[in-house]
Amino acid sequence: MSDNINRQILLVEKPAGKLGSEHFKMRHGTIPEPRDGEALLRVRYISLDAANRAWMHGATYRAAVEANTVMAGGGIAEVIASKAPELARGDIVFGDTGWQDYAAVPAKHLTKMPKIEPMTYLLSVYGIAGLTAYFGLLDIGKPKVGETVVVSAAAGSVGSIVGQIARIKGCRVVGIAGGKDKCDWLTSELGFDAAVDYKDGAVFKALKAAAPNGIDVYFDNVGGEVLEACLGQMNVRGRIACCGAISQYDGIPSGSGPRGVPGLIVVKRLIMQGFIVTDYMERRHEALRDLQSWVTSGALKVQEDVIAGLENTPRALIGLLAGENRGKRMISV
C-alpha cells in the first residue's frame, strides 16, 4: 500500500447472473481529505458477507451499490486524521469503509471500537457476525434448555457462532452445511450434536434423523428449500429467526421453496421474524460481555478465514458465495 495512492475496487457492472471477477476493477485514486465532522481512515480489515451480493440487486436496509462506484463493505479501520471532536488519530473504528485503502467518513457513521488483539475479532466474534448470532438466537429464537436448535450455513461466520451459543445454553444443536468436511468439523470441533450435508440432497429426511423430536428454534441464513425442509419439522410454538437468504442472492433464484408457509405458521403457532443486527447496537455491550466471557473460558471457539490483499477482495467474495469459507471471511488490506 503506497503512502500517497488510494487503491479502490469498483463495481463496474451489476451482475445479471452469478457474480464474477469481470464485474470489478481496481482504480488508483488519491487519498481523500476529511471535511468537517469526518475522519480519514486507513482500512485494516474488510468484512466479506453474503449481504454484499444482495446490495447489488437494489436497496435493502441500505442503498443499493451502483455501477462504477467503490464497492461497499464494512471494515475495521484506524483513524489517521480527524476533523471530528469525538475521534482522534489512532482510534480504531468500524464503519462502511468500502473496498479501498483509505476512506473519509462522517464520524456519526462510525463506531469506535475497543483496542482488542487480535484485531480480527472486531469483525468476527466481537463484530457484526457475533452480534448477529447473539441477538438473533437469544432475542428472537429464545432457546430453552433441552430444546432442539437448527442453524443453516452452520459453518459460516454467523452460523458457527449461533450453534456454539445454543450449546452453551443447553440445547441440542443441529447444523446444516455443505460438504462432509464442514459437517465433520461442526461435530468434532465445535460441539454440534449432529450435522446435515445439504449437498447430499434429501435434506428433509436427513434432518428428520438428526432432529427426531422436531425443531424448536431454526436460525435461517439461506431461505429456499432448506427453509422449507425446516418449516415442515417445526414444533408447536417454534421460533424462526430469519437472518439471510443466501440461496437467493447470487444469480437467478430458483423459485423453489418455501411452500405452505401460511398454513404451517397458523397450525403450529410459529413465530417467524426477520431482524437486522443494527437494530440492537444500543445493547451491544451486553452481548460483548457474554461473548468475551465465553471466548476466554474456551466455551466459544473462534474460526476466521483471513485473506491477504485488497486485490483479492472480489475473488474472496465470489468464493464466500460458493461456500468456500469456514468461519468469518475477511480481507487484510
# chains A, B, ... in the order shown; residues from 1 in each chain; ligands from 1
>>> residues_around(residues="stretch 26-42 of chain A", least_positions_apart="3", cutoff="10 Å", atoms="only C-alpha atoms", output="short mmCIF file (atom, residue, chain, number, x, y, z; two decimals) with C-alpha atoms, in the first residue's frame")
data_model
loop_
_atom_site.label_atom_id
_atom_site.label_comp_id
_atom_site.auth_asym_id
_atom_site.auth_seq_id
_atom_site.Cartn_x
_atom_site.Cartn_y
_atom_site.Cartn_z
CA ASP A 3 1.57 6.29 1.16
CA ASN A 4 0.03 8.58 -1.45
CA ILE A 5 -2.19 6.34 -3.58
CA ASN A 6 -5.63 5.10 -2.66
CA ARG A 7 -6.39 1.78 -4.33
CA GLN A 8 -10.13 1.29 -4.81
CA ILE A 9 -12.13 -1.65 -6.13
CA LEU A 10 -15.13 -0.56 -8.18
CA LEU A 11 -18.25 -2.49 -9.06
CA VAL A 12 -18.17 -1.76 -12.80
CA TYR A 45 -9.68 -5.36 7.52
CA VAL A 70 -16.44 1.90 -4.90
CA GLY A 75 -14.41 -2.56 7.69
CA ILE A 76 -12.19 -2.09 10.69
CA ALA A 77 -10.03 0.97 10.23
CA GLU A 78 -7.56 3.23 12.02
CA VAL A 79 -8.13 6.97 12.25
CA ILE A 80 -5.13 8.76 10.73
CA ALA A 81 -6.62 12.28 10.76
CA SER A 82 -9.79 13.66 12.30
CA LYS A 83 -11.93 16.75 11.93
CA ALA A 84 -14.47 15.38 14.40
CA PRO A 85 -14.07 16.05 18.13
CA GLU A 86 -15.18 12.54 19.14
CA LEU A 87 -12.41 10.79 17.20
CA ALA A 88 -8.63 11.10 17.46
CA ARG A 89 -5.67 9.81 15.49
CA GLY A 90 -5.03 6.17 16.41
CA ASP A 91 -8.64 5.33 17.28
CA ILE A 92 -9.98 2.05 15.88
CA VAL A 93 -13.43 2.24 14.28
CA GLY A 95 -17.93 1.57 9.51
CA THR A 97 -15.35 1.99 4.55
CA TRP A 99 -13.24 -1.69 -0.66
CA GLN A 100 -10.30 0.70 -0.60
CA ASP A 101 -7.14 1.62 1.29
CA TYR A 102 -8.39 4.95 2.63
CA ALA A 103 -11.82 6.47 3.26
CA ALA A 104 -13.12 9.78 4.60
CA VAL A 105 -16.27 9.01 6.58
CA PRO A 106 -18.53 11.16 8.77
CA ALA A 107 -17.83 10.37 12.41
CA LYS A 108 -21.57 9.94 13.08
CA HIS A 109 -21.47 6.85 10.81
CA LEU A 110 -18.56 5.24 12.65
CA LEU A 310 -7.12 -5.76 -1.32
CA GLU A 311 -6.74 -7.06 -4.88
CA VAL A 333 -5.80 -4.83 3.35
#
>>> residues_around(residues="A:Ile46", least_positions_apart="2", cutoff="7 Å", atoms="only C-alpha atoms", output="PyMOL selection string")
chain A and resi 44+48+73-76+330-332
>>> select_by_dssp(residues="stretch 268-299 of chain A", states="strand (DSSP E or B)", output="VMD selection string")
chain A and resid 271 to 274
>>> write_last_selection(atoms="N, CA and C atoms", output="compact mmCIF listing (two decimals), in the first residue's frame")
# COMPACT_ATOMS: atom_id res chain seq x y z
N ILE A 271 -43.62 -18.44 15.35
CA ILE A 271 -43.17 -17.05 15.25
C ILE A 271 -41.99 -17.02 14.28
N MET A 272 -42.13 -16.23 13.22
CA MET A 272 -41.10 -16.14 12.18
C MET A 272 -40.76 -14.66 12.03
N GLN A 273 -39.55 -14.30 12.40
CA GLN A 273 -39.21 -12.87 12.44
C GLN A 273 -37.87 -12.60 11.79
N GLY A 274 -37.85 -11.60 10.92
CA GLY A 274 -36.61 -11.11 10.38
C GLY A 274 -35.99 -10.08 11.30
>>> residues_around(residues="A:Lys182", least_positions_apart="4", cutoff="9 Å", atoms="only C-alpha atoms", output="number ranges by chain")
A: 154-155, 177-178, 186-187, 195, 197, 326
>>> residues_around(residues="stretch 231-234 of chain A", least_positions_apart="3", cutoff="7 Å", atoms="only C-alpha atoms", output="list of chain:residue names")
A:Gly214, A:Ile215, A:Asp216, A:Leu227, A:Glu228, A:Gly238
>>> write_last_selection(atoms="C-alpha atoms", output="CSV table (one decimal), in the first residue's frame")
chain,number,residue,atom,x,y,z
A,214,GLY,CA,-38.7,-31.8,15.8
A,215,ILE,CA,-37.2,-28.3,15.8
A,216,ASP,CA,-37.9,-25.7,18.4
A,227,LEU,CA,-36.1,-23.2,5.0
A,228,GLU,CA,-39.0,-25.3,3.5
A,238,GLY,CA,-41.4,-22.9,17.4
>>> select_by_dssp(residues="stretch 57-211 of chain A", states="helix (DSSP H, G or I)", output="PDB file with N, CA and C atoms, in the first residue's frame")
ATOM      1  N   HIS A  57     -28.432  -6.024  -5.931  1.00  0.00           N
ATOM      2  CA  HIS A  57     -29.771  -6.191  -6.512  1.00  0.00           C
ATOM      3  C   HIS A  57     -30.588  -4.905  -6.430  1.00  0.00           C
ATOM      4  N   ALA A 107     -17.995  11.039  11.118  1.00  0.00           N
ATOM      5  CA  ALA A 107     -17.831  10.372  12.410  1.00  0.00           C
ATOM      6  C   ALA A 107     -19.141   9.787  12.924  1.00  0.00           C
ATOM      7  N   LYS A 108     -20.270  10.431  12.584  1.00  0.00           N
ATOM      8  CA  LYS A 108     -21.565   9.937  13.080  1.00  0.00           C
ATOM      9  C   LYS A 108     -21.918   8.572  12.494  1.00  0.00           C
ATOM     10  N   HIS A 109     -21.218   8.157  11.424  1.00  0.00           N
ATOM     11  CA  HIS A 109     -21.475   6.854  10.806  1.00  0.00           C
ATOM     12  C   HIS A 109     -20.443   5.805  11.217  1.00  0.00           C
ATOM     13  N   MET A 119      -6.978  -8.000  16.296  1.00  0.00           N
ATOM     14  CA  MET A 119      -7.933  -7.013  15.794  1.00  0.00           C
ATOM     15  C   MET A 119      -9.040  -7.674  14.960  1.00  0.00           C
ATOM     16  N   THR A 120      -8.720  -8.808  14.354  1.00  0.00           N
ATOM     17  CA  THR A 120      -9.710  -9.505  13.519  1.00  0.00           C
ATOM     18  C   THR A 120     -10.977  -9.873  14.289  1.00  0.00           C
ATOM     19  N   TYR A 121     -10.838 -10.075  15.610  1.00  0.00           N
ATOM     20  CA  TYR A 121     -12.015 -10.427  16.424  1.00  0.00           C
ATOM     21  C   TYR A 121     -13.083  -9.334  16.384  1.00  0.00           C
ATOM     22  N   LEU A 122     -12.661  -8.095  16.061  1.00  0.00           N
ATOM     23  CA  LEU A 122     -13.621  -6.988  15.986  1.00  0.00           C
ATOM     24  C   LEU A 122     -14.546  -7.136  14.783  1.00  0.00           C
ATOM     25  N   ILE A 128     -19.930  -7.763  13.742  1.00  0.00           N
ATOM     26  CA  ILE A 128     -21.271  -7.998  13.213  1.00  0.00           C
ATOM     27  C   ILE A 128     -21.653  -9.475  13.283  1.00  0.00           C
ATOM     28  N   ALA A 129     -20.705 -10.377  12.989  1.00  0.00           N
ATOM     29  CA  ALA A 129     -21.020 -11.811  12.989  1.00  0.00           C
ATOM     30  C   ALA A 129     -21.467 -12.285  14.379  1.00  0.00           C
ATOM     31  N   GLY A 130     -20.670 -11.955  15.391  1.00  0.00           N
ATOM     32  CA  GLY A 130     -21.005 -12.390  16.743  1.00  0.00           C
ATOM     33  C   GLY A 130     -22.270 -11.752  17.275  1.00  0.00           C
ATOM     34  N   LEU A 131     -22.444 -10.452  17.001  1.00  0.00           N
ATOM     35  CA  LEU A 131     -23.652  -9.754  17.469  1.00  0.00           C
ATOM     36  C   LEU A 131     -24.901 -10.275  16.766  1.00  0.00           C
ATOM     37  N   THR A 132     -24.789 -10.582  15.468  1.00  0.00           N
ATOM     38  CA  THR A 132     -25.917 -11.138  14.729  1.00  0.00           C
ATOM     39  C   THR A 132     -26.328 -12.484  15.316  1.00  0.00           C
ATOM     40  N   ALA A 133     -25.345 -13.322  15.569  1.00  0.00           N
ATOM     41  CA  ALA A 133     -25.622 -14.633  16.147  1.00  0.00           C
ATOM     42  C   ALA A 133     -26.270 -14.501  17.528  1.00  0.00           C
ATOM     43  N   TYR A 134     -25.701 -13.632  18.336  1.00  0.00           N
ATOM     44  CA  TYR A 134     -26.148 -13.471  19.728  1.00  0.00           C
ATOM     45  C   TYR A 134     -27.597 -12.994  19.794  1.00  0.00           C
ATOM     46  N   PHE A 135     -27.886 -11.881  19.128  1.00  0.00           N
ATOM     47  CA  PHE A 135     -29.236 -11.313  19.251  1.00  0.00           C
ATOM     48  C   PHE A 135     -30.270 -12.091  18.453  1.00  0.00           C
ATOM     49  N   GLY A 136     -29.877 -12.594  17.293  1.00  0.00           N
ATOM     50  CA  GLY A 136     -30.833 -13.374  16.510  1.00  0.00           C
ATOM     51  C   GLY A 136     -31.265 -14.631  17.236  1.00  0.00           C
ATOM     52  N   LEU A 137     -30.305 -15.327  17.826  1.00  0.00           N
ATOM     53  CA  LEU A 137     -30.643 -16.562  18.543  1.00  0.00           C
ATOM     54  C   LEU A 137     -31.355 -16.274  19.855  1.00  0.00           C
ATOM     55  N   LEU A 138     -30.777 -15.408  20.675  1.00  0.00           N
ATOM     56  CA  LEU A 138     -31.287 -15.245  22.040  1.00  0.00           C
ATOM     57  C   LEU A 138     -32.512 -14.338  22.111  1.00  0.00           C
ATOM     58  N   ASP A 139     -32.560 -13.294  21.278  1.00  0.00           N
ATOM     59  CA  ASP A 139     -33.672 -12.354  21.360  1.00  0.00           C
ATOM     60  C   ASP A 139     -34.891 -12.828  20.573  1.00  0.00           C
ATOM     61  N   ILE A 140     -34.643 -13.463  19.424  1.00  0.00           N
ATOM     62  CA  ILE A 140     -35.757 -13.923  18.591  1.00  0.00           C
ATOM     63  C   ILE A 140     -36.001 -15.416  18.781  1.00  0.00           C
ATOM     64  N   GLY A 141     -34.925 -16.207  18.782  1.00  0.00           N
ATOM     65  CA  GLY A 141     -35.091 -17.658  18.958  1.00  0.00           C
ATOM     66  C   GLY A 141     -35.508 -18.058  20.362  1.00  0.00           C
ATOM     67  N   GLY A 159     -23.391 -18.639  11.505  1.00  0.00           N
ATOM     68  CA  GLY A 159     -23.917 -19.951  11.887  1.00  0.00           C
ATOM     69  C   GLY A 159     -23.040 -20.702  12.862  1.00  0.00           C
ATOM     70  N   SER A 160     -21.719 -20.601  12.687  1.00  0.00           N
ATOM     71  CA  SER A 160     -20.816 -21.326  13.579  1.00  0.00           C
ATOM     72  C   SER A 160     -20.893 -20.790  15.005  1.00  0.00           C
ATOM     73  N   ILE A 161     -21.189 -19.503  15.145  1.00  0.00           N
ATOM     74  CA  ILE A 161     -21.325 -18.907  16.483  1.00  0.00           C
ATOM     75  C   ILE A 161     -22.704 -19.202  17.059  1.00  0.00           C
ATOM     76  N   VAL A 162     -23.741 -19.155  16.218  1.00  0.00           N
ATOM     77  CA  VAL A 162     -25.105 -19.487  16.677  1.00  0.00           C
ATOM     78  C   VAL A 162     -25.126 -20.869  17.327  1.00  0.00           C
ATOM     79  N   GLY A 163     -24.571 -21.850  16.620  1.00  0.00           N
ATOM     80  CA  GLY A 163     -24.590 -23.217  17.145  1.00  0.00           C
ATOM     81  C   GLY A 163     -23.870 -23.343  18.473  1.00  0.00           C
ATOM     82  N   GLN A 164     -22.750 -22.658  18.608  1.00  0.00           N
ATOM     83  CA  GLN A 164     -21.993 -22.754  19.860  1.00  0.00           C
ATOM     84  C   GLN A 164     -22.730 -22.073  21.013  1.00  0.00           C
ATOM     85  N   ILE A 165     -23.370 -20.942  20.734  1.00  0.00           N
ATOM     86  CA  ILE A 165     -24.144 -20.285  21.800  1.00  0.00           C
ATOM     87  C   ILE A 165     -25.310 -21.181  22.220  1.00  0.00           C
ATOM     88  N   ALA A 166     -25.955 -21.823  21.256  1.00  0.00           N
ATOM     89  CA  ALA A 166     -27.064 -22.727  21.581  1.00  0.00           C
ATOM     90  C   ALA A 166     -26.588 -23.873  22.471  1.00  0.00           C
ATOM     91  N   ARG A 167     -25.392 -24.386  22.214  1.00  0.00           N
ATOM     92  CA  ARG A 167     -24.833 -25.449  23.062  1.00  0.00           C
ATOM     93  C   ARG A 167     -24.578 -24.905  24.478  1.00  0.00           C
ATOM     94  N   ILE A 168     -24.015 -23.689  24.546  1.00  0.00           N
ATOM     95  CA  ILE A 168     -23.755 -23.077  25.855  1.00  0.00           C
ATOM     96  C   ILE A 168     -25.059 -22.942  26.647  1.00  0.00           C
ATOM     97  N   LYS A 180     -19.014 -32.925   3.460  1.00  0.00           N
ATOM     98  CA  LYS A 180     -18.701 -33.770   4.605  1.00  0.00           C
ATOM     99  C   LYS A 180     -17.664 -33.138   5.527  1.00  0.00           C
ATOM    100  N   ASP A 181     -16.667 -32.484   4.958  1.00  0.00           N
ATOM    101  CA  ASP A 181     -15.618 -31.887   5.790  1.00  0.00           C
ATOM    102  C   ASP A 181     -16.189 -30.846   6.747  1.00  0.00           C
ATOM    103  N   LYS A 182     -17.059 -29.992   6.228  1.00  0.00           N
ATOM    104  CA  LYS A 182     -17.666 -28.979   7.092  1.00  0.00           C
ATOM    105  C   LYS A 182     -18.528 -29.618   8.166  1.00  0.00           C
ATOM    106  N   CYS A 183     -19.300 -30.622   7.781  1.00  0.00           N
ATOM    107  CA  CYS A 183     -20.173 -31.283   8.754  1.00  0.00           C
ATOM    108  C   CYS A 183     -19.361 -31.973   9.847  1.00  0.00           C
ATOM    109  N   ASP A 184     -18.270 -32.628   9.445  1.00  0.00           N
ATOM    110  CA  ASP A 184     -17.409 -33.274  10.443  1.00  0.00           C
ATOM    111  C   ASP A 184     -16.785 -32.246  11.381  1.00  0.00           C
ATOM    112  N   TRP A 185     -16.406 -31.095  10.833  1.00  0.00           N
ATOM    113  CA  TRP A 185     -15.808 -30.020  11.647  1.00  0.00           C
ATOM    114  C   TRP A 185     -16.806 -29.505  12.681  1.00  0.00           C
ATOM    115  N   LEU A 186     -18.064 -29.358  12.283  1.00  0.00           N
ATOM    116  CA  LEU A 186     -19.087 -28.874  13.212  1.00  0.00           C
ATOM    117  C   LEU A 186     -19.236 -29.801  14.411  1.00  0.00           C
ATOM    118  N   THR A 187     -19.253 -31.093  14.161  1.00  0.00           N
ATOM    119  CA  THR A 187     -19.484 -32.041  15.261  1.00  0.00           C
ATOM    120  C   THR A 187     -18.207 -32.314  16.069  1.00  0.00           C
ATOM    121  N   SER A 188     -17.048 -32.396  15.383  1.00  0.00           N
ATOM    122  CA  SER A 188     -15.826 -32.773  16.099  1.00  0.00           C
ATOM    123  C   SER A 188     -15.157 -31.588  16.793  1.00  0.00           C
ATOM    124  N   TYR A 198     -26.329 -30.564   3.099  1.00  0.00           N
ATOM    125  CA  TYR A 198     -27.396 -30.276   2.139  1.00  0.00           C
ATOM    126  C   TYR A 198     -26.999 -30.686   0.722  1.00  0.00           C
ATOM    127  N   LYS A 199     -25.702 -30.861   0.465  1.00  0.00           N
ATOM    128  CA  LYS A 199     -25.261 -31.251  -0.868  1.00  0.00           C
ATOM    129  C   LYS A 199     -25.602 -32.707  -1.186  1.00  0.00           C
ATOM    130  N   ASP A 200     -25.927 -33.479  -0.161  1.00  0.00           N
ATOM    131  CA  ASP A 200     -26.342 -34.867  -0.371  1.00  0.00           C
ATOM    132  C   ASP A 200     -27.764 -34.964  -0.907  1.00  0.00           C
ATOM    133  N   VAL A 203     -32.624 -33.283   2.181  1.00  0.00           N
ATOM    134  CA  VAL A 203     -32.399 -32.557   3.439  1.00  0.00           C
ATOM    135  C   VAL A 203     -33.491 -32.883   4.453  1.00  0.00           C
ATOM    136  N   PHE A 204     -34.735 -32.967   3.990  1.00  0.00           N
ATOM    137  CA  PHE A 204     -35.849 -33.218   4.913  1.00  0.00           C
ATOM    138  C   PHE A 204     -35.627 -34.527   5.669  1.00  0.00           C
ATOM    139  N   LYS A 205     -35.269 -35.577   4.941  1.00  0.00           N
ATOM    140  CA  LYS A 205     -35.079 -36.903   5.555  1.00  0.00           C
ATOM    141  C   LYS A 205     -33.885 -36.901   6.514  1.00  0.00           C
ATOM    142  N   ALA A 206     -32.781 -36.298   6.098  1.00  0.00           N
ATOM    143  CA  ALA A 206     -31.589 -36.251   6.948  1.00  0.00           C
ATOM    144  C   ALA A 206     -31.850 -35.434   8.210  1.00  0.00           C
ATOM    145  N   LEU A 207     -32.619 -34.367   8.062  1.00  0.00           N
ATOM    146  CA  LEU A 207     -32.953 -33.519   9.204  1.00  0.00           C
ATOM    147  C   LEU A 207     -33.851 -34.263  10.183  1.00  0.00           C
ATOM    148  N   LYS A 208     -34.754 -35.072   9.645  1.00  0.00           N
ATOM    149  CA  LYS A 208     -35.663 -35.873  10.485  1.00  0.00           C
ATOM    150  C   LYS A 208     -34.851 -36.816  11.371  1.00  0.00           C
ATOM    151  N   ALA A 209     -33.794 -37.391  10.793  1.00  0.00           N
ATOM    152  CA  ALA A 209     -32.941 -38.304  11.557  1.00  0.00           C
ATOM    153  C   ALA A 209     -32.096 -37.556  12.583  1.00  0.00           C
ATOM    154  N   ALA A 210     -31.630 -36.359  12.212  1.00  0.00           N
ATOM    155  CA  ALA A 210     -30.758 -35.582  13.110  1.00  0.00           C
ATOM    156  C   ALA A 210     -31.538 -34.903  14.230  1.00  0.00           C
TER     157      ALA A 210
END
>>> decode(residues="stretch 190-210 of chain A", atoms="N, CA, C and O atoms", output="compact mmCIF listing (two decimals), in the first residue's frame")
# COMPACT_ATOMS: atom_id res chain seq x y z
N LEU A 190 -16.62 -28.04 16.98
CA LEU A 190 -17.47 -27.00 17.57
C LEU A 190 -18.54 -27.55 18.51
O LEU A 190 -19.28 -26.78 19.12
N GLY A 191 -18.65 -28.86 18.63
CA GLY A 191 -19.56 -29.44 19.62
C GLY A 191 -21.01 -29.56 19.19
O GLY A 191 -21.89 -29.78 20.02
N PHE A 192 -21.30 -29.41 17.87
CA PHE A 192 -22.66 -29.64 17.41
C PHE A 192 -23.02 -31.11 17.65
O PHE A 192 -22.17 -32.00 17.55
N ASP A 193 -24.28 -31.37 17.96
CA ASP A 193 -24.72 -32.75 18.20
C ASP A 193 -24.86 -33.54 16.91
O ASP A 193 -24.69 -34.76 16.89
N ALA A 194 -25.21 -32.85 15.83
CA ALA A 194 -25.37 -33.51 14.54
C ALA A 194 -25.22 -32.47 13.44
O ALA A 194 -25.36 -31.27 13.68
N ALA A 195 -24.93 -32.95 12.23
CA ALA A 195 -24.80 -32.04 11.08
C ALA A 195 -25.40 -32.72 9.85
O ALA A 195 -25.26 -33.92 9.66
N VAL A 196 -26.05 -31.92 9.04
CA VAL A 196 -26.71 -32.39 7.81
C VAL A 196 -26.01 -31.74 6.62
O VAL A 196 -25.86 -30.52 6.58
N ASP A 197 -25.61 -32.57 5.66
CA ASP A 197 -24.97 -32.08 4.44
C ASP A 197 -26.04 -31.84 3.38
O ASP A 197 -26.58 -32.80 2.81
N TYR A 198 -26.33 -30.56 3.10
CA TYR A 198 -27.40 -30.28 2.14
C TYR A 198 -27.00 -30.69 0.72
O TYR A 198 -27.86 -30.89 -0.14
N LYS A 199 -25.70 -30.86 0.46
CA LYS A 199 -25.26 -31.25 -0.87
C LYS A 199 -25.60 -32.71 -1.19
O LYS A 199 -25.57 -33.12 -2.34
N ASP A 200 -25.93 -33.48 -0.16
CA ASP A 200 -26.34 -34.87 -0.37
C ASP A 200 -27.76 -34.96 -0.91
O ASP A 200 -28.21 -36.04 -1.29
N GLY A 201 -28.50 -33.83 -0.86
CA GLY A 201 -29.92 -33.88 -1.22
C GLY A 201 -30.70 -34.49 -0.06
O GLY A 201 -30.15 -34.81 0.99
N ALA A 202 -32.00 -34.66 -0.24
CA ALA A 202 -32.84 -35.29 0.80
C ALA A 202 -32.63 -34.63 2.16
O ALA A 202 -32.47 -35.32 3.18
N VAL A 203 -32.62 -33.28 2.18
CA VAL A 203 -32.40 -32.56 3.44
C VAL A 203 -33.49 -32.88 4.45
O VAL A 203 -33.21 -33.09 5.64
N PHE A 204 -34.74 -32.97 3.99
CA PHE A 204 -35.85 -33.22 4.91
C PHE A 204 -35.63 -34.53 5.67
O PHE A 204 -35.75 -34.59 6.90
N LYS A 205 -35.27 -35.58 4.94
CA LYS A 205 -35.08 -36.90 5.56
C LYS A 205 -33.89 -36.90 6.51
O LYS A 205 -33.97 -37.43 7.63
N ALA A 206 -32.78 -36.30 6.10
CA ALA A 206 -31.59 -36.25 6.95
C ALA A 206 -31.85 -35.43 8.21
O ALA A 206 -31.38 -35.77 9.30
N LEU A 207 -32.62 -34.37 8.06
CA LEU A 207 -32.95 -33.52 9.20
C LEU A 207 -33.85 -34.26 10.18
O LEU A 207 -33.72 -34.13 11.40
N LYS A 208 -34.75 -35.07 9.64
CA LYS A 208 -35.66 -35.87 10.48
C LYS A 208 -34.85 -36.82 11.37
O LYS A 208 -35.16 -37.01 12.56
N ALA A 209 -33.79 -37.39 10.79
CA ALA A 209 -32.94 -38.30 11.56
C ALA A 209 -32.10 -37.56 12.58
O ALA A 209 -31.87 -38.04 13.70
N ALA A 210 -31.63 -36.36 12.21
CA ALA A 210 -30.76 -35.58 13.11
C ALA A 210 -31.54 -34.90 14.23
O ALA A 210 -31.00 -34.64 15.30
